[in-house]
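Visitor: Below: one structure in structure tokens.
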Amino acid sequence: MSHRGPDSQGFLVNDPRAPGLALGMRRLSIIDLPGGQQPIWNEAGDVAVIFNGELYNYREVRERLSSLGHRFTTQSDTEILVHAWEEWGEECPGELRGMFTFAIADFSKRHTSGPVLFLARDPLGIKPLYYTQTAEGFAFASEVRALLTSGVAGKKISQDALTSFLLFGSVSEPVTMYEGVFSLPPGHRVLLYVPDRRRLPRPHPWWDPRRSPAAKDPRRPRNFPSAVSALRSLLQDSVRAHLIADVPVGLFLSSGVDSGAIAALAGREHQGIQSFTLTFPGTTFDESALTRVVAKRCGTRHREVPLSGDEIPSRLDEALAALDQPTMDGINTYFVSWAARQVGLKVALSGLGGDELFAGYSTFADTPKLSLLAAAAKLVPSGLRGATSGLMRSLVASGLAAGTLGHSNDAAMKASAAWRNPRSLPHPYYFARALFPPGEIDKLIEPRFRPSTLAADGFTLEPTWLGWLQVASGQALEMEPVAAVSWLELRSYMASTLLRDTDSVSMARSLEVRVPLLDTPLVEFMTALPDEARRKPGVQKALLVEALGNLLPPEITSQKKRTFTLPWEQWLRGPLTKRLQESFSSMAPALAPFLKPTGVQEVWQSFLESRTSWSRPWSLFVLNEWAKRESV
């Protein structure tokens with residue numbers, strides 16, 4: 001774990017009040033560099049905490065707790081957690097604003113059952129927490145590989161998790177690629193009784209934006225102009241809070257509105273803040289010219305870090321080694337994190353969250369179309385749907401109905417899957433997000449779709465990815481259409497891919513990435529907005545663009561949506577072709593019981609013949625190389 005925290009380490013072990021309890025941590029020092037050593041204790045020495053993340057409202061919470069009689073000995077944000085636990089118990093996560101996972105050990109007499117261990121994770125899942133329960137007891141860590149190295153978790157591949165990876169390009173919350181190892185879901189907490197080591201952990205949600213102060217506020221915006229006015233101050237406050245640190249903070253800058261918004265607002269707070277851009281010289285993916293315009297407008301000290309296709313073969317292994325779990329998108333983020341360290345940053349701000357909150361993705365247009373298709377399909381007998389699925393696929397592939405679903409053949413597969421079996425996924429949105437949709441995935445694996453096992457009291461006994469998607473889908477049904485897709489993006493692609501990847505690969509480079517657009521008050525504000533207050537005809541991300549006013553140049557705010565990605569299409573047809581061919585000729589032994597080699601080769605051949613996008617063979621390559629490296 002030293003890559004996550006190279007600055008120091010701390011332990012709580014062999015305490016006679018709780019035999020068998022051991023806590024350890026590594027620290028990346030950001031706030032109160034000399035005084036934030038962990039674990040941190042309360043005054044009485046009977047409550048301790050270890051913590052991963054940042055609390056942006058720690059000064060305000062500290063003042064409140066001080067007024068209630070609590071005494072502090074450091075300037076660290078970590079210390080407020082022990083006192084918050086004393087004051088508010090299991091409800092304490094609701095008082096926090098930030099990205100966090102933490103573990104509190106309470107040895108006091110307030111629990112008749114004896115010492116307890118309390119774990120909690122932030123609302124969006126910006127910081128990770130993985131756990132496993134065995135006959136010997138309970139173990140948790142910030143990375144799956146730490147649990148494997150400890151020997152408490154086995155290395156048996158989960159067929160359920162492998163199914164979710166092939167469906168979506170990453171392993172969906174709350175499962176991991178290994179059987180018996182789970183993620184504490186975003187916005188959840190769990191209380192464990194230390195003497196009872198065999199009791200199954202039962203995570204419980206502590207955060208629900210539908211019941212937030214913003215959702216209950218009778219004065220919340222109801223139309224677009226009032227939403228614009230309120231949003232600007234929330235954005236300014238979030239960026240200001242995310243700049244708090246005792247080390248230099250910089251920001252990743254692309255040509256998009258999201259990172260541009262962060263740069264514009266951060267530049268007003270800190271003149272000459274460091275910005276950087278990962279460039280791809282000689283390709284259409286290179287955004288350096290536009291980012292220079294943004295940097296000049298925002299007054300940042302800007303640097304460009306070039307990455308060429310010739311470098312990729314030699315750099316790929318180090319990027320793959322950074323992956324805690326296989327993921328289609330993680331290599332992109334690894335090289336961004338590498339670039340941040342190249343310019344000397346320890347903390348970097350990212351524009352993650354803008355597409356999810358402000359309807360920037362094509363899924364916001366695709367989901368209504370697929371919803372209509374799925375609704376119509378439910379009225380047609382299954383036999384007739386099967387007989388006409390080929391026609392549906394041909395229509396979409398020919399461009400008659402493809403819309404924004406991406407590569408025409410891939411779009412056809414998604415539409416055909418929604419038509420053939422509209423109930424195979426909990427919501428039409430998931431067809432829009434699918435990598436290998438139901439039906440197509442069967443060519444690669446015998447898929448597993450298992451609902452979660454629930455106890456009599458409603459708690460989850462055995463969490464599954466399908467159960468997580470079903471819960472999110474049920475919550476989305478209570479929302480208006482745009483808000484529903486936004487929520488599903490936050491609960492699936494954002495949590496299981498973008499945020500997990502960002503934490504894993506950035507911490508592999510000892511870099512902390514902060515995401516101001518996922519600030520809890522901002523997310524709650526956006527979730528509470530009616531769709532009428534989110535949109536302006538003809539303007540993409542209209543609410544964010546209008547809220548920024550003239551902070552960004554028009555060539556940025558008016559451009560068509562560009563997804564940040566590396567030039568994989570070119571690289572897979574050039575310097576990486578041989579590497580992928582070699583990988584697919586030798587599949588990892590651990591995948592052999594699950595993956596069908598003919599299906600894998602068919603995907604690779606389809607890409608070479610331009611019948612599918614680069615993302616599908618790339619995801620299989622990453623999965624295979626990850627499995628070989630991890631020796632699972």
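Here's how to read the names in the structure tokens: chain A, B, ... by the order shown, residue numbers from 1 in each chain, ligand numbers from 1 in the order shown.
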Tell me which protein, DNA and RNA residues are within 10 Å of Lys414 (chain A), counting only C-alpha atoms, leaving out same-chain ones fewer than 3 positions away, and put them as a PyMOL selection string.

Guide: chain A and resi 370+393+396+402+405+408-411+417-420+428+430-440

Visitor: Please build the interface table for region 315-409 of chain A against region 516-528 of chain A with a cut-off of 7 Å, listing for each qualifying residue the nearest atom pair and the distance in Å to one decimal; count only C-alpha atoms, order rows by chain and increasing number, and write it as JSON lines.

Guide:
```
{"residue": "A:Gly351", "atom": "CA", "partner": "A:Leu517", "partner_atom": "CA", "distance": 6.5}
{"residue": "A:Leu352", "atom": "CA", "partner": "A:Leu517", "partner_atom": "CA", "distance": 6.6}
{"residue": "A:Gly353", "atom": "CA", "partner": "A:Leu517", "partner_atom": "CA", "distance": 5.4}
{"residue": "A:Gly354", "atom": "CA", "partner": "A:Leu517", "partner_atom": "CA", "distance": 6.2}
{"residue": "A:Leu357", "atom": "CA", "partner": "A:Met526", "partner_atom": "CA", "distance": 6.7}
```

Visitor: Could you pull the residues within 9 Å of region 282-296 of chain A, counting only C-alpha atoms, minus those fewer than 4 positions along the same chain, as a list in words?

Guide: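 Listing them by chain and then by number gives Leu253, Ser254, Ser255, Gly256, Gly260, Ala263, Ala264, Ser275, Phe276, Thr277, Leu278, Thr300, Arg301, His302, Glu304, Ser308, Leu552, Pro553, Glu555, Ile556, Phe564, Thr565, Leu566, Pro567 and Gln570 of chain A.
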
Visitor: Between CA of Gln37 (chain A) and CA of Gly94 (chain A), what is the spacing in Å?

Guide: 24.3 Å

Visitor: Leaving out Val603 (chain A) and any residue of its chain fewer than 2 positions from it, which residues lie within 10 Å of it when counting only C-alpha atoms, given as a ChimeraX atom specification?

Guide: /A:443-444,598-601,605-609,611-614,616-618,620

Visitor: Just C-alpha atoms for this one: save the residues we selected as a JSON list (two decimals), in the first residue's frame.

Guide:
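What follows is the written file selection_18.json:
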```json
[["chain", "number", "residue", "atom", "x", "y", "z"],
["A", 443, "LYS", "CA", -20.78, -15.47, -27.54],
["A", 444, "LEU", "CA", -18.08, -14.76, -24.94],
["A", 598, "THR", "CA", -13.77, -18.19, -30.66],
["A", 599, "GLY", "CA", -15.84, -15.29, -29.36],
["A", 600, "VAL", "CA", -12.73, -13.32, -28.40],
["A", 601, "GLN", "CA", -11.15, -13.88, -31.81],
["A", 605, "GLN", "CA", -11.47, -9.76, -36.33],
["A", 606, "SER", "CA", -14.56, -7.54, -36.34],
["A", 607, "PHE", "CA", -12.43, -4.61, -35.26],
["A", 608, "LEU", "CA", -9.77, -5.29, -37.91],
["A", 609, "GLU", "CA", -12.57, -5.28, -40.50],
["A", 611, "ARG", "CA", -17.27, -3.83, -38.02],
["A", 612, "THR", "CA", -16.98, -2.80, -34.37],
["A", 613, "SER", "CA", -15.36, -0.08, -32.27],
["A", 614, "TRP", "CA", -11.93, -0.29, -30.65],
["A", 616, "ARG", "CA", -14.59, -4.01, -27.43],
["A", 617, "PRO", "CA", -11.26, -5.72, -28.29],
["A", 618, "TRP", "CA", -9.44, -3.30, -26.00],
["A", 620, "LEU", "CA", -10.86, -7.99, -23.69]]
```

Visitor: Which residues of region 318-422 of chain A have any atom within 7 Å of an atom in region 469-492 of chain A when counting only C-alpha atoms, and what is the closest pair of atoms for each, with the distance in Å to one decimal? Order the rows by chain and rising number and write it as CSV.

Guide:
```
residue,atom,partner,partner_atom,distance
A:Glu356,CA,A:Ser486,CA,5.3
A:Leu357,CA,A:Ser486,CA,5.8
A:Ala359,CA,A:Ser486,CA,6.9
A:Phe364,CA,A:Val485,CA,6.3
```

Visitor: Taking the DSSP secondary structure from the backbone, can you list the residues of region 435-513 of chain A that are alpha helix (DSSP H), as a PyMOL selection string?

Guide: chain A and resi 465-476+481-489+500-508

Visitor: Which residues in region 137-343 of chain A does DSSP call strand (DSSP E)? List them as a ChimeraX atom specification.

Guide: /A:137-141,181-183,188-193,204-205,249-252,274-279,301-306
